Amino acid sequence: QARCMEALEPAQRAVEVGKKHLSQDHPARLMAECSLAYVHNQLGHYRIAQELYEHTVPLLEGQVGKAHPVVLTMVNNLAATYENQACYEQAELSYHRVLRERERALPKDHPSILSILNNLGHLYIAMGRYRDAEDNLSRAREASEKQLGAEHPMTLGITNNMALLRKDQGRMPDPWVLCLPYRPFHDLVAEPRTHRQVPPYSFSLYSGARQWMSG
């Protein structure tokens with residue numbers, strides 16, 4: 001969290017510079033605002049992050065379309081801010097939008113799909129919808145073990161959420177589960193890296209932005 005605090009001022013400065021010199025929908029300005037939203041989310045400033053994402057997502061959609069990976073990354077992160085504020089219905093709608101679009105474009109066992117299944121599972125635990133949570137987490141864990149291995153960070157994160165589910169249900173977790181605090185996977189950006197950030201094989205906003213801005 002200390003590194004996030006260090007990142008806050010530069011991120012705010014980048015947004016202010018963008019507002020002075022760039023149009024509202026300029027790619028560089030939108031990326032700066034997304035980065036600032038990410039920092040606020042990491043710091044627990046969920047309402048501020050939500051407002052930034054809600055401002056930025058429609059502008060991104062106007063630039064590249066509703067199904068572009070950059071847009072879906074931001075919608076996923078917006079969903080996480082909703083979840084962190086217990087706005088569960090909004091979070092569910094946003095996560096399902098991302099899942100639907102990614103399933104159209106990617107293989108069913110792609111890590112970007114598994115991360116959304118994990119996020120939905122985590123959300124359903126919070127909502128007390130344990131059957132739905134187990135369905136999503138079981139599917140994600142099985143595919144992640146097969147594709148990435150049992151000791152991969154994504155597999156361990158999903159497995160831990162399975163343990164949290166069983167704990168909430170009063171069931172004993174599997175003996176090999178780590179049982180460490182875990183959060184939904186957040187797609188984004190760059191430093192600062194924390195245990196809450198999605199593993200590095202996930203979509204990189206900056207690499208996507210470079211492709212977008214280069215045409």
# chains A, B, ... in the order shown; residues from 1 in each chain; ligands from 1

$ residues_around --residues "Gln85 (chain A)" --least-positions-apart "4" --cutoff "8 Å" --atoms "only C-alpha atoms" --output "tab-separated table (two decimals) with N, CA, C and O atoms, in the first residue's frame"
chain	number	residue	atom	x	y	z
A	46	TYR	N	-12.75	3.32	-3.15
A	46	TYR	CA	-13.55	2.63	-4.15
A	46	TYR	C	-14.50	3.55	-4.89
A	46	TYR	O	-14.72	3.39	-6.10
A	47	ARG	N	-15.08	4.49	-4.19
A	47	ARG	CA	-16.03	5.40	-4.84
A	47	ARG	C	-15.32	6.27	-5.88
A	47	ARG	O	-15.85	6.48	-6.97
A	81	THR	N	-14.80	-2.60	-8.20
A	81	THR	CA	-15.13	-1.48	-7.31
A	81	THR	C	-16.56	-1.60	-6.80
A	81	THR	O	-16.85	-1.28	-5.64

$ residues_around --residues "region 119-122 of chain A" --least-positions-apart "2" --cutoff "8 Å" --atoms "only C-alpha atoms" --output "list of chain:residue names"
A:Glu92, A:Tyr95, A:Ser115, A:Ile116, A:Leu117, A:Tyr124, A:Ile125, A:Ala126, A:Asp132, A:Ala133, A:Glu134, A:Asp135, A:Asn136, A:Leu137, A:Asn161, A:Arg183, A:Pro184, A:Phe185

$ atom_distance --atom1 "CA of Ala11 (chain A)" --atom2 "CA of Glu61 (chain A)"
22.3 Å

$ closest_residue --among "A:Leu123, A:Gly128, A:Ala67, A:Tyr82" --to "Arg102 (chain A)" --atoms "only C-alpha atoms"
A:Ala67
